$ cat start-v9.txt   # compact mmCIF, C-alpha atoms
# COMPACT_ATOMS: atom_id res chain seq x y z
CA MET X 81 -39.18 -1.85 22.61
CA SER X 82 -39.19 -5.51 23.69
CA ILE X 83 -35.94 -7.36 24.18
CA LEU X 84 -36.75 -9.47 21.17
CA GLY X 85 -37.41 -6.35 19.17
CA THR X 86 -34.10 -4.86 20.27
CA LEU X 87 -32.27 -8.03 19.33
CA LEU X 88 -33.98 -8.21 15.97
CA ARG X 89 -33.17 -4.59 15.35
CA ARG X 90 -29.54 -5.13 16.23
CA GLN X 91 -29.40 -8.19 14.00
CA ASP X 92 -30.90 -6.09 11.29
CA LEU X 93 -28.25 -3.40 11.76
CA HIS X 94 -25.46 -5.97 11.55
CA SER X 95 -26.75 -7.16 8.22
CA LEU X 96 -26.31 -3.66 6.83
CA ALA X 97 -22.51 -3.88 6.87
CA ALA X 98 -22.22 -4.97 3.23
CA PRO X 99 -24.75 -2.45 1.85
CA TYR X 100 -22.99 0.22 3.89
CA ALA X 101 -19.59 -0.73 2.43
CA LEU X 102 -21.10 -0.42 -1.04
CA ASP X 103 -22.67 2.97 -0.18
CA ALA X 104 -26.05 1.33 -0.75
CA LEU X 105 -27.89 2.72 2.27
CA GLU X 106 -30.29 5.61 2.17
CA ALA X 107 -29.09 8.73 3.97
CA GLY X 108 -31.13 8.17 7.15
CA GLU X 109 -30.19 4.52 7.35
CA ARG X 110 -26.56 5.39 6.79
CA ARG X 111 -26.61 7.79 9.72
CA ARG X 112 -28.26 5.21 12.00
CA PHE X 113 -25.76 2.59 10.98
CA GLU X 114 -22.81 4.92 11.57
CA LYS X 115 -24.15 5.65 15.04
CA HIS X 116 -24.36 1.92 15.66
CA LEU X 117 -20.79 1.49 14.39
CA ARG X 118 -19.40 3.82 17.01
CA GLY X 119 -20.49 1.43 19.74
CA CYS X 120 -19.79 -1.86 17.95
CA ALA X 121 -16.11 -2.69 17.52
CA ARG X 122 -16.92 -5.94 15.71
CA CYS X 123 -19.07 -4.14 13.15
CA ALA X 124 -16.45 -1.45 12.66
CA ALA X 125 -13.81 -4.06 11.87
CA GLU X 126 -16.16 -5.88 9.55
CA VAL X 127 -17.16 -2.70 7.76
CA ARG X 128 -13.52 -1.76 7.31
CA GLU X 129 -12.79 -5.10 5.70
CA LEU X 130 -15.84 -5.01 3.45
CA GLY X 131 -14.99 -1.43 2.56
CA GLU X 132 -11.55 -2.54 1.36
CA ASP X 133 -13.27 -5.17 -0.77
CA ALA X 134 -15.64 -2.63 -2.27
CA VAL X 135 -12.75 -0.32 -3.17
CA ARG X 136 -11.30 -3.11 -5.31
CA LEU X 137 -14.25 -2.60 -7.61
CA ALA X 138 -12.82 0.84 -8.38
CA TRP X 139 -9.66 -0.73 -9.82
CA SER X 140 -11.45 -1.38 -13.03
CA THR X 141 -12.79 2.12 -13.56
CA ALA X 142 -9.72 4.40 -13.77
CA ALA X 143 -9.88 6.78 -16.72
CA PRO X 144 -7.77 9.83 -17.57
CA ALA X 145 -9.27 12.98 -16.12
CA PRO X 146 -9.90 15.87 -18.54
CA ALA X 147 -6.93 18.24 -18.73
CA ALA X 148 -9.05 21.25 -17.81
CA LEU X 149 -9.96 19.61 -14.51
CA ARG X 150 -6.36 19.80 -13.33
CA GLU X 151 -6.15 23.55 -13.83
CA ARG X 152 -9.46 24.13 -12.11
CA VAL X 153 -8.55 21.99 -9.11
CA LEU X 154 -5.10 23.51 -8.70
CA ALA X 155 -6.51 27.01 -8.98
CA ALA X 156 -9.15 26.21 -6.37
CA VAL X 157 -6.55 24.71 -4.06
CA ARG X 158 -4.54 27.93 -4.11
CA THR X 159 -7.42 29.79 -2.55
CA THR X 160 -8.83 27.11 -0.27
CA ALA X 161 -7.95 26.88 3.40
CA GLN X 162 -7.25 23.53 4.97
CA GLU X 163 -8.97 21.97 7.93
CA GLN X 164 -6.83 21.34 10.96
CA ALA X 165 -7.41 17.99 12.60
CA MET X 166 -5.31 18.54 15.69
CA ASP X 167 -8.25 18.27 18.04
CA ARG X 168 -8.76 14.73 16.87
CA THR X 169 -5.59 13.58 18.64
CA ALA X 170 -6.25 10.25 20.28
CA ALA X 171 -3.15 10.53 22.42
CA ARG X 172 -3.52 8.48 25.52
CA GLU X 173 -2.29 9.99 28.72
CA HIS X 174 0.15 7.85 30.62
CA ALA X 175 1.69 8.12 34.02
CA PRO X 176 4.45 10.73 34.13
CA GLN X 177 7.83 9.35 33.38
CA LEU X 178 11.17 10.87 34.27
CA PRO X 179 14.05 10.84 31.85
CA PRO X 180 17.05 8.98 33.25
CA HIS X 181 19.96 11.20 34.11
CA VAL X 182 22.61 9.75 31.92
CA TRP X 183 24.08 13.23 31.77
CA GLY X 184 26.14 12.96 34.94
CA ALA X 185 25.26 13.30 38.56
CA GLN X 186 23.76 16.76 38.52
CA PRO X 187 20.20 17.26 37.48
CA PRO X 188 19.72 19.41 34.41
CA PRO X 189 19.53 23.09 35.36
CA GLY X 190 16.63 25.45 35.01
CA ARG X 191 13.99 22.95 36.02
CA THR X 192 11.96 23.86 39.01
CA ARG X 193 9.31 21.26 38.42
CA THR X 194 9.21 17.76 37.14
CA PRO X 195 8.54 17.86 33.44
CA ARG X 196 5.40 16.26 32.16
CA THR X 197 6.14 13.55 29.70
CA ARG X 198 3.39 12.44 27.44
CA SER X 199 3.89 9.30 25.52
CA LEU X 200 1.66 8.00 22.80
CA PHE X 201 3.07 4.51 23.34
CA VAL X 202 1.20 3.19 20.37
CA PRO X 203 2.39 2.90 16.80
CA LEU X 204 1.97 6.29 15.25
CA ALA X 205 -0.01 4.86 12.40
CA THR X 206 -2.70 3.53 14.68
CA ALA X 207 -2.62 6.52 17.00
CA THR X 208 -3.63 9.22 14.61
CA ALA X 209 -2.37 11.18 11.69
CA ALA X 210 -2.56 14.23 13.90
CA ALA X 211 0.74 13.45 15.59
CA ALA X 212 2.36 13.40 12.20
CA LEU X 213 0.76 16.69 11.39
CA VAL X 214 2.39 18.38 14.33
CA VAL X 215 5.54 17.91 12.34
CA ALA X 216 4.12 18.19 8.86
CA SER X 217 2.42 21.48 9.61
CA LEU X 218 5.75 23.01 10.47
CA PHE X 219 6.51 22.68 6.81
CA ALA X 220 3.44 24.41 5.61
CA VAL X 221 4.78 25.98 2.48
CA GLN X 222 4.51 29.72 2.56
CA ALA X 223 3.85 31.52 -0.66
CA HIS X 224 6.74 33.92 -0.23
CA ARG X 225 9.47 31.34 0.19
CA THR X 226 12.14 31.18 -2.47
CA GLU X 227 12.39 28.16 -4.76
CA ASP X 228 15.69 27.01 -3.24
CA ARG X 229 14.30 27.13 0.19
CA LEU X 230 11.23 25.31 -0.99
CA ASP X 231 13.41 22.53 -2.39
CA ALA X 232 15.36 22.24 0.84
CA GLU X 233 12.16 22.13 2.82
CA ARG X 234 10.64 19.57 0.56
CA SER X 235 13.60 17.27 0.80
CA ARG X 236 13.49 17.56 4.58
CA ALA X 237 9.76 16.99 4.51
CA ARG X 238 10.43 13.78 2.57
CA GLU X 239 12.96 12.64 5.13
CA ILE X 240 10.38 13.29 7.78
CA ALA X 241 7.69 11.49 5.82
CA HIS X 242 10.06 8.54 5.59
CA VAL X 243 10.23 8.31 9.38
CA LEU X 244 6.50 8.82 9.73
CA ALA X 245 5.73 6.13 7.19
CA ALA X 246 7.71 3.49 9.08
CA SER X 247 5.37 0.86 10.48
CA ASP X 248 6.99 1.18 13.90
CA ALA X 249 7.01 4.98 14.08
CA ARG X 250 6.17 6.16 17.59
CA ALA X 251 5.87 9.55 19.19
CA VAL X 252 6.88 10.90 22.57
CA THR X 253 6.77 14.46 23.85
CA SER X 254 7.93 16.16 27.00
CA GLU X 255 6.96 19.58 28.22
CA ASP X 256 8.05 21.58 31.26
CA ALA X 257 5.94 23.81 33.45
CA ARG X 258 6.61 26.79 31.20
CA GLY X 259 5.34 25.02 28.11
CA ARG X 260 8.76 24.47 26.62
CA GLY X 261 9.40 21.03 25.33
CA ILE X 262 10.73 18.49 22.93
CA GLY X 263 8.85 16.16 20.62
CA VAL X 264 10.25 13.06 19.05
CA ILE X 265 8.80 10.76 16.42
CA ALA X 266 11.09 7.83 15.95
CA SER X 267 11.34 4.59 14.06
CA ALA X 268 13.64 1.99 15.61
CA SER X 269 13.71 -0.03 12.38
CA ALA X 270 14.79 2.98 10.32
CA GLY X 271 17.15 4.17 13.09
CA GLU X 272 15.79 7.66 12.55
CA ALA X 273 13.91 10.23 14.52
CA VAL X 274 12.27 13.57 13.86
CA VAL X 275 12.98 15.96 16.71
CA THR X 276 11.22 19.26 17.34
CA LEU X 277 11.71 21.88 20.03
CA GLY X 278 8.90 24.15 21.06
CA GLY X 279 8.62 27.29 23.17
CA TYR X 280 12.32 28.06 23.64
CA GLY X 281 12.53 31.08 21.37
CA ALA X 282 15.82 32.14 19.80
CA PRO X 283 18.97 31.23 21.77
CA PRO X 284 20.74 34.25 23.28
CA GLY X 285 23.78 35.96 21.79
CA GLY X 286 24.04 34.20 18.43
CA ARG X 287 24.38 30.83 20.11
CA VAL X 288 22.79 27.66 18.74
CA ARG X 289 20.94 24.65 20.09
CA GLN X 290 22.63 21.35 19.40
CA LEU X 291 21.08 17.89 19.58
CA TRP X 292 23.05 15.04 21.11
CA LEU X 293 22.63 11.31 21.15
CA MET X 294 23.28 9.84 24.57
CA ARG X 295 24.45 6.27 25.02
CA PRO X 296 25.75 4.51 28.13
CA ARG X 297 29.51 4.68 28.56
CA VAL X 298 30.00 6.50 25.27
CA GLN X 299 30.65 10.17 24.56
CA PRO X 300 27.64 12.13 23.35
CA ARG X 301 27.39 12.23 19.56
CA SER X 302 26.18 15.36 17.77
CA LEU X 303 23.01 14.87 15.72
CA GLY X 304 22.98 18.38 14.34
CA LEU X 305 22.00 21.97 15.06
CA PHE X 306 18.47 23.30 15.26
CA ALA X 307 17.65 26.10 12.87
CA ALA X 308 14.89 28.25 14.38
CA ASP X 309 11.79 26.11 14.90
CA THR X 310 12.38 23.57 12.14
CA PRO X 311 12.63 19.92 13.09
CA LEU X 312 15.87 17.97 12.92
CA VAL X 313 15.98 14.54 11.34
CA ALA X 314 18.35 12.47 13.45
CA LYS X 315 19.89 9.47 11.73
CA GLY X 316 21.96 6.47 12.69
CA LEU X 317 20.18 5.68 15.93
CA ASP X 318 20.52 2.14 17.21
CA ALA X 319 19.38 -0.07 20.05
CA SER X 320 21.97 1.40 22.42
CA SER X 321 20.53 4.92 22.00
CA THR X 322 19.09 5.72 25.40
CA SER X 323 18.19 9.37 25.15
CA LEU X 324 18.42 12.66 23.32
CA ALA X 325 19.65 15.89 24.86
CA VAL X 326 19.83 19.49 23.73
CA THR X 327 22.50 21.99 24.78
CA VAL X 328 23.15 25.62 23.96
CA GLU X 329 26.49 25.94 22.15
CA PRO X 330 28.56 28.68 20.47
CA ALA X 331 27.65 29.48 16.86
CA GLY X 332 28.54 26.57 14.58
CA GLY X 333 28.13 23.98 17.31
CA SER X 334 30.64 22.07 19.42
CA ALA X 335 32.42 18.72 19.10
CA GLN X 336 31.29 17.83 22.60
CA PRO X 337 28.66 19.49 24.77
CA THR X 338 30.05 22.41 26.76
CA GLY X 339 27.16 22.85 29.15
CA GLN X 340 24.29 21.11 30.85
CA PRO X 341 21.35 20.08 28.69
CA ILE X 342 18.35 22.35 28.60
CA VAL X 343 16.16 19.36 27.91
CA GLN X 344 16.63 15.63 27.76
CA LEU X 345 14.30 12.86 26.69
CA THR X 346 14.52 9.11 27.03
CA LEU X 347 13.98 7.07 23.88
CA LYS X 348 12.79 3.95 25.64
CA SER X 349 9.13 4.49 24.92
CA VAL X 350 9.79 4.91 21.22
CA GLY X 351 11.46 1.56 20.83
CA PHE X 352 15.11 2.33 21.67
CA GLY X 353 17.41 1.86 24.59
CA GLU X 354 16.73 -1.78 25.26
CA MET I 262 6.21 8.71 -3.61
CA ARG I 263 3.15 6.79 -2.57
CA ALA I 264 -0.23 8.36 -1.99
CA ASP I 265 0.06 7.77 1.76
CA GLU I 266 3.22 9.85 2.10
CA LEU I 267 1.95 12.51 -0.25
CA LEU I 268 -1.26 12.88 1.67
CA LEU I 269 0.70 13.55 4.87
CA LEU I 270 2.62 16.30 3.10
CA VAL I 271 -0.59 17.67 1.64
CA ALA I 272 -2.04 17.84 5.13
CA GLY I 273 0.88 20.14 5.96
CA GLY I 274 -0.05 22.52 3.15
CA ASP I 275 2.49 21.31 0.57
CA HIS I 276 1.21 22.44 -2.83
CA ARG I 277 3.75 20.50 -4.85
CA ALA I 278 2.90 17.32 -2.98
CA PHE I 279 -0.71 17.99 -3.91
CA GLU I 280 0.24 18.21 -7.58
CA GLU I 281 1.98 14.86 -7.30
CA LEU I 282 -1.00 13.42 -5.52
CA TYR I 283 -3.25 14.78 -8.22
CA ALA I 284 -1.18 13.02 -10.89
CA LEU I 285 -1.47 9.79 -8.96
CA VAL I 286 -5.15 9.74 -8.08
CA SER I 287 -7.03 11.96 -10.53
CA GLY I 288 -7.44 9.08 -13.00
CA PRO I 289 -8.82 6.59 -10.48
CA VAL I 290 -11.04 9.29 -8.93
CA TYR I 291 -12.39 10.63 -12.21
CA GLY I 292 -12.89 7.16 -13.69
CA LEU I 293 -14.82 5.93 -10.66
CA VAL I 294 -16.98 9.04 -10.51
CA ARG I 295 -17.65 8.82 -14.24
CA ARG I 296 -18.62 5.17 -13.93
CA VAL I 297 -21.22 5.99 -11.29
CA VAL I 298 -22.43 9.41 -12.40
CA ARG I 299 -22.04 8.74 -16.16
CA ASP I 300 -22.80 12.25 -17.31
CA ALA I 301 -19.45 13.81 -18.33
CA ALA I 302 -20.08 17.35 -17.11
CA GLN I 303 -21.50 16.23 -13.79
CA SER I 304 -18.67 13.73 -13.36
CA GLU I 305 -16.16 16.51 -13.76
CA GLU I 306 -17.95 18.59 -11.16
CA VAL I 307 -18.01 15.76 -8.65
CA ALA I 308 -14.39 14.81 -9.33
CA GLN I 309 -13.41 18.43 -8.77
CA GLU I 310 -15.25 18.50 -5.45
CA VAL I 311 -13.57 15.29 -4.35
CA LEU I 312 -10.06 16.38 -5.34
CA LEU I 313 -10.51 19.69 -3.61
CA GLU I 314 -11.81 17.90 -0.56
CA LEU I 315 -8.55 15.91 -0.47
CA TRP I 316 -6.70 19.18 -0.11
CA ARG I 317 -9.06 20.53 2.50
CA SER I 318 -9.45 17.40 4.59
CA ALA I 319 -6.11 15.63 4.13
CA ALA I 320 -5.61 15.93 7.88
CA ARG I 321 -8.54 13.60 8.46
CA PHE I 322 -6.79 10.71 6.80
CA ASP I 323 -5.81 8.14 9.40
CA PRO I 324 -3.08 5.82 8.06
CA GLY I 325 -3.94 3.27 10.72
CA ARG I 326 -7.27 2.61 9.12
CA GLY I 327 -6.24 1.71 5.61
CA SER I 328 -4.37 3.00 2.61
CA ALA I 329 -4.65 6.54 1.31
CA LEU I 330 -5.92 5.31 -2.03
CA SER I 331 -8.75 3.40 -0.34
CA TRP I 332 -9.65 6.45 1.67
CA ILE I 333 -9.65 8.62 -1.43
CA LEU I 334 -11.69 6.23 -3.53
CA THR I 335 -14.16 5.63 -0.72
CA LEU I 336 -14.67 9.38 -0.52
CA ALA I 337 -15.02 9.66 -4.30
CA HIS I 338 -17.54 6.84 -4.40
CA ARG I 339 -19.63 8.35 -1.62
CA ARG I 340 -19.77 11.71 -3.40
CA ALA I 341 -20.57 10.11 -6.75
CA VAL I 342 -23.39 8.06 -5.26
CA ASP I 343 -24.81 11.10 -3.50
CA ARG I 344 -24.81 12.99 -6.78
CA VAL I 345 -26.40 10.27 -8.86
CA ARG I 346 -29.13 9.79 -6.29
CA SER I 347 -30.03 13.43 -6.11
CA ALA I 348 -30.01 13.59 -9.90
CA ARG I 349 -32.31 10.58 -10.00
CA ALA I 350 -34.58 12.11 -7.43
CA ALA I 351 -34.78 15.20 -9.59
CA GLY I 352 -35.95 13.07 -12.47
CA GLU I 353 -32.98 13.93 -14.63
CA ARG I 354 -32.05 10.34 -15.00
CA GLU I 355 -34.88 9.39 -17.33
CA GLN I 356 -33.97 12.27 -19.59
CA ARG I 357 -30.32 11.41 -19.65
CA GLU I 358 -31.03 7.77 -20.27
CA ALA I 359 -33.17 8.65 -23.21
CA LEU I 360 -30.38 10.83 -24.56
CA ARG I 361 -27.81 8.15 -24.06
CA ALA I 362 -29.78 5.42 -25.80
CA GLY I 363 -27.85 5.90 -29.01
CA GLU I 364 -24.39 6.34 -27.47
CA PRO I 365 -21.93 3.58 -26.72
CA ALA I 366 -21.91 2.59 -23.05
CA PHE I 367 -19.24 4.40 -21.08
CA ASP I 368 -17.57 1.06 -20.40
CA GLN I 369 -16.69 0.63 -24.01
CA VAL I 370 -15.31 4.14 -24.31
CA ALA I 371 -13.15 3.68 -21.25
CA GLU I 372 -11.98 0.32 -22.49
CA GLU I 373 -10.37 1.94 -25.50
CA VAL I 374 -8.58 4.45 -23.35
CA GLU I 375 -7.17 2.12 -20.78
CA ALA I 376 -7.12 -1.61 -20.47
CA GLY I 377 -5.02 -2.25 -17.41
CA MET I 378 -4.27 -5.53 -15.76
CA GLU I 379 -6.27 -4.57 -12.73
CA ARG I 380 -9.30 -3.89 -14.84
CA GLU I 381 -9.01 -7.37 -16.31
CA TRP I 382 -8.61 -8.95 -12.89
CA VAL I 383 -11.69 -7.29 -11.51
CA ARG I 384 -13.72 -8.35 -14.53
CA ARG I 385 -12.48 -11.89 -14.31
CA CYS I 386 -13.30 -12.08 -10.63
CA LEU I 387 -16.73 -10.53 -11.12
CA ARG I 388 -17.48 -13.25 -13.64
CA ARG I 389 -16.80 -15.84 -10.97
CA LEU I 390 -19.62 -14.58 -8.77
CA THR I 391 -23.11 -15.98 -9.11
CA ASP I 392 -25.42 -13.83 -11.21
CA LEU I 393 -27.29 -12.56 -8.19
CA GLN I 394 -24.12 -11.77 -6.27
CA ARG I 395 -22.67 -9.90 -9.22
CA GLN I 396 -25.84 -7.96 -9.96
CA SER I 397 -26.35 -7.02 -6.31
CA VAL I 398 -22.80 -5.76 -5.98
CA THR I 399 -22.54 -3.95 -9.30
CA LEU I 400 -25.96 -2.32 -9.23
CA ALA I 401 -25.02 -0.85 -5.87
CA TYR I 402 -21.39 0.04 -6.48
CA TYR I 403 -21.27 1.01 -10.13
CA ASP I 404 -24.80 2.30 -10.55
CA GLY I 405 -25.33 3.84 -7.14
CA TYR I 406 -28.59 2.08 -6.27
CA THR I 407 -29.55 1.53 -2.65
CA TYR I 408 -30.01 -2.07 -1.56
CA ARG I 409 -33.77 -1.46 -1.46
CA GLU I 410 -33.69 -0.34 -5.08
CA VAL I 411 -31.52 -3.31 -5.97
CA ALA I 412 -34.05 -5.61 -4.29
CA GLU I 413 -36.85 -4.06 -6.32
CA ARG I 414 -35.01 -4.31 -9.60
CA LEU I 415 -34.05 -7.91 -9.01
CA ALA I 416 -37.43 -8.75 -7.41
CA LEU I 417 -35.69 -10.24 -4.39
CA PRO I 418 -36.38 -9.95 -0.66
CA LEU I 419 -34.24 -7.33 1.13
CA GLY I 420 -32.52 -9.95 3.26
CA THR I 421 -31.45 -11.89 0.21
CA VAL I 422 -29.91 -8.84 -1.40
CA LYS I 423 -27.96 -7.98 1.74
CA THR I 424 -26.62 -11.54 1.90
CA ARG I 425 -25.73 -11.58 -1.80
CA MET I 426 -23.85 -8.31 -1.39
CA ARG I 427 -21.84 -9.68 1.48
CA ASP I 428 -21.12 -13.00 -0.24
CA GLY I 429 -20.24 -11.20 -3.45
CA LEU I 430 -17.74 -8.91 -1.72
CA THR I 431 -16.21 -11.81 0.17
CA ARG I 432 -15.78 -13.87 -2.98
CA LEU I 433 -14.29 -10.90 -4.74
CA ARG I 434 -11.78 -10.60 -1.90
CA GLU I 435 -10.81 -14.25 -2.23
CA CYS I 436 -10.40 -13.94 -5.97
CA LEU I 437 -8.60 -10.58 -6.03
CA GLY I 438 -6.47 -11.43 -3.03
CA GLY I 439 -4.26 -13.38 -5.42
CA ALA I 440 -4.00 -10.47 -7.82
CA VAL I 441 -1.95 -8.09 -5.71

$ encode --input "start-v9.txt" --output "structure tokens"
Amino acid sequence: MSILGTLLRRQDLHSLAAPYALDALEAGERRRFEKHLRGCARCAAEVRELGEDAVRLAWSTAAPAPAALRERVLAAVRTTAQEQAMDRTAAREHAPQLPPHVWGAQPPPGRTRTPRTRSLFVPLATATAAAALVVASLFAVQAHRTEDRLDAERSRAREIAHVLAASDARAVTSEDARGRGIGVIASASAGEAVVTLGGYGAPPGGRVRQLWLMRPRVQPRSLGLFAADTPLVAKGLDASSTSLAVTVEPAGGSAQPTGQPIVQLTLKSVGFGE
Amino acid sequence: MRADELLLLVAGGDHRAFEELYALVSGPVYGLVRRVVRDAAQSEEVAQEVLLELWRSAARFDPGRGSALSWILTLAHRRAVDRVRSARAAGEREQREALRAGEPAFDQVAEEVEAGMEREWVRRCLRRLTDLQRQSVTLAYYDGYTYREVAERLALPLGTVKTRMRDGLTRLRECLGGAV
């Protein structure tokens, strides 16, 4: 195709943004335009804006759905599996970053290799919903759970959703050579963080894992005990919060840590510690 | 809870969150589908597909790219348009239109059921568009016609229709921007 032809064609594609936003393209044209969108940031932004405008037209159409529809949908949902979107993670790899050793002079034990720290470094909302799902999926409601437990899980899930919904929510994860690690999604404005441990298994001899908030020149503050694999919602974090650490403690937890941390993670990349 | 938070919980398999989400969005979804598809039985089918798809594909929702409600309604609109086009292609439309000739337009029926503020705002803003802008936008969005079909119906060149659609949407944005 001639250069002029190419230019004309591109011009032509640009002009399809409004029809596309209104779903007014034929199937083949729609596919071509979507292909074009993937390589045209300007068009993608424009289409997103026009799409928001088009959705406003739906404001005037709401009407109560037939009652029978609800039963049919809920029944179908009970037997329908969900897609997992984890592979869509747009996490950007960054240079490895070492947690600062605010825990005293000795390095944490049990580490033979430098842990890999992966930081998303971008607001969670713009990164991807997948990061949120790492946490959300841990709450996948199992059919055999009791009602009480369901309620407890739901209220925790809400607390987690609260952190995730914060406009400044950010995620950071750290993993050692054996695949054990800690994941944190935190919101500096809410002063809250969702903390998950992975790959550690059950602590030995009825002991528990306790989460600590580390601040310079201040005693560690307990943020709670981990129960199995469920995430902890840590509250009351502030700008002086430099890192989180996990220790193994006797059943019931301790007032102050009694041993070296098994894992420690700096909060700097999630908006704290400055 | 807002649809955005609920959708995140739904993505994690939370059935009760889905019920809450259903309560929140089934009306907007069904109403939009009904407006485009018109036929009650087919509208119910499409709405069911869409609502089930929310459960199945909740994980695809990306909060960074807009609100959950926009995502949901965009999905519903796409499915409704697909349905109405395939029905038209199958020639069912003429039949249904003949059947409907004596019935009140769906708009009037819906009006009796619900007359929200938002509905009034959208109508008011649509009235502020030029005739061609309004017809181009509504024939596409509410009636599911492609821009080529819109051009044929309005006897306008394709380029003009595309421009009217864009101008219409932009003016709608300016007008409705003050409404929320």

$ residues_around --input "start-v9.txt" --residues "Ser304 in chain I" --least-positions-apart "6" --cutoff "7 Å" --atoms "only C-alpha atoms" --output "PDB file with C-alpha atoms, keeping the file's coordinate frame"
ATOM      1  CA  VAL I 294     -16.980   9.040 -10.510  1.00  0.00           C
ATOM      2  CA  ARG I 295     -17.650   8.820 -14.240  1.00  0.00           C
ATOM      3  CA  VAL I 298     -22.430   9.410 -12.400  1.00  0.00           C
TER       4      VAL I 298
END

$ closest_atom_pairs --input "start-v9.txt" --of "chain I" --to "chain X" --cutoff "6 Å" --atoms "all atoms listed in the file" --output "JSON lines"
{"residue": "I:Gly273", "atom": "CA", "partner": "X:Ser217", "partner_atom": "CA", "distance": 4.2}
{"residue": "I:Gly274", "atom": "CA", "partner": "X:Ala220", "partner_atom": "CA", "distance": 4.7}
{"residue": "I:Asp275", "atom": "CA", "partner": "X:Val221", "partner_atom": "CA", "distance": 5.5}
{"residue": "I:Gly288", "atom": "CA", "partner": "X:Pro144", "partner_atom": "CA", "distance": 4.6}
{"residue": "I:Pro289", "atom": "CA", "partner": "X:Ala142", "partner_atom": "CA", "distance": 4.1}
{"residue": "I:Tyr291", "atom": "CA", "partner": "X:Ala145", "partner_atom": "CA", "distance": 5.5}
{"residue": "I:Gly292", "atom": "CA", "partner": "X:Ala142", "partner_atom": "CA", "distance": 4.2}
{"residue": "I:Leu293", "atom": "CA", "partner": "X:Thr141", "partner_atom": "CA", "distance": 5.2}
{"residue": "I:Arg317", "atom": "CA", "partner": "X:Gln162", "partner_atom": "CA", "distance": 4.3}
{"residue": "I:Ser318", "atom": "CA", "partner": "X:Glu163", "partner_atom": "CA", "distance": 5.7}
{"residue": "I:Ala320", "atom": "CA", "partner": "X:Ala165", "partner_atom": "CA", "distance": 5.5}
{"residue": "I:Asp323", "atom": "CA", "partner": "X:Ala209", "partner_atom": "CA", "distance": 5.1}
{"residue": "I:Pro324", "atom": "CA", "partner": "X:Ala205", "partner_atom": "CA", "distance": 5.4}
{"residue": "I:Gly325", "atom": "CA", "partner": "X:Thr206", "partner_atom": "CA", "distance": 4.2}
{"residue": "I:Glu379", "atom": "CA", "partner": "X:Trp139", "partner_atom": "CA", "distance": 5.9}
{"residue": "I:Arg380", "atom": "CA", "partner": "X:Ser140", "partner_atom": "CA", "distance": 3.8}
{"residue": "I:Ala401", "atom": "CA", "partner": "X:Ala104", "partner_atom": "CA", "distance": 5.7}
{"residue": "I:Tyr402", "atom": "CA", "partner": "X:Leu102", "partner_atom": "CA", "distance": 5.5}
{"residue": "I:Thr407", "atom": "CA", "partner": "X:Ala104", "partner_atom": "CA", "distance": 4.0}
{"residue": "I:Tyr408", "atom": "CA", "partner": "X:Ala104", "partner_atom": "CA", "distance": 5.3}
{"residue": "I:Met426", "atom": "CA", "partner": "X:Ala98", "partner_atom": "CA", "distance": 5.9}
{"residue": "I:Arg427", "atom": "CA", "partner": "X:Ala98", "partner_atom": "CA", "distance": 5.0}
{"residue": "I:Leu430", "atom": "CA", "partner": "X:Asp133", "partner_atom": "CA", "distance": 5.9}
{"residue": "I:Arg434", "atom": "CA", "partner": "X:Asp133", "partner_atom": "CA", "distance": 5.7}

$ atom_distance --input "start-v9.txt" --atom1 "CA of Ala246 in chain X" --atom2 "CA of Val290 in chain I"
26.6 Å

$ atom_distance --input "start-v9.txt" --atom1 "CA of His276 in chain I" --atom2 "CA of Pro311 in chain X"
19.8 Å

$ decode --input "start-v9.txt" --residues "range 348-353 of chain X" --atoms "N, CA, C and O atoms" --output "compact mmCIF listing (two decimals), in the first residue's frame"
# COMPACT_ATOMS: atom_id res chain seq x y z
N LYS X 348 9.03 1.01 52.23
CA LYS X 348 9.31 2.25 51.49
C LYS X 348 8.61 2.29 50.13
O LYS X 348 8.02 3.30 49.77
N SER X 349 8.65 1.18 49.44
CA SER X 349 8.10 1.20 48.08
C SER X 349 6.58 1.24 48.06
O SER X 349 5.99 1.42 47.01
N VAL X 350 5.96 1.06 49.22
CA VAL X 350 4.51 1.14 49.23
C VAL X 350 4.03 2.43 49.88
O VAL X 350 2.89 2.54 50.33
N GLY X 351 4.92 3.41 49.96
CA GLY X 351 4.49 4.74 50.37
C GLY X 351 4.75 5.09 51.83
O GLY X 351 4.33 6.13 52.30
N PHE X 352 5.47 4.21 52.55
CA PHE X 352 5.75 4.49 53.97
C PHE X 352 7.24 4.76 54.15
O PHE X 352 8.03 4.58 53.24
N GLY X 353 7.56 5.09 55.41
CA GLY X 353 8.96 5.11 55.80
C GLY X 353 9.73 6.33 55.35
O GLY X 353 10.94 6.35 55.42
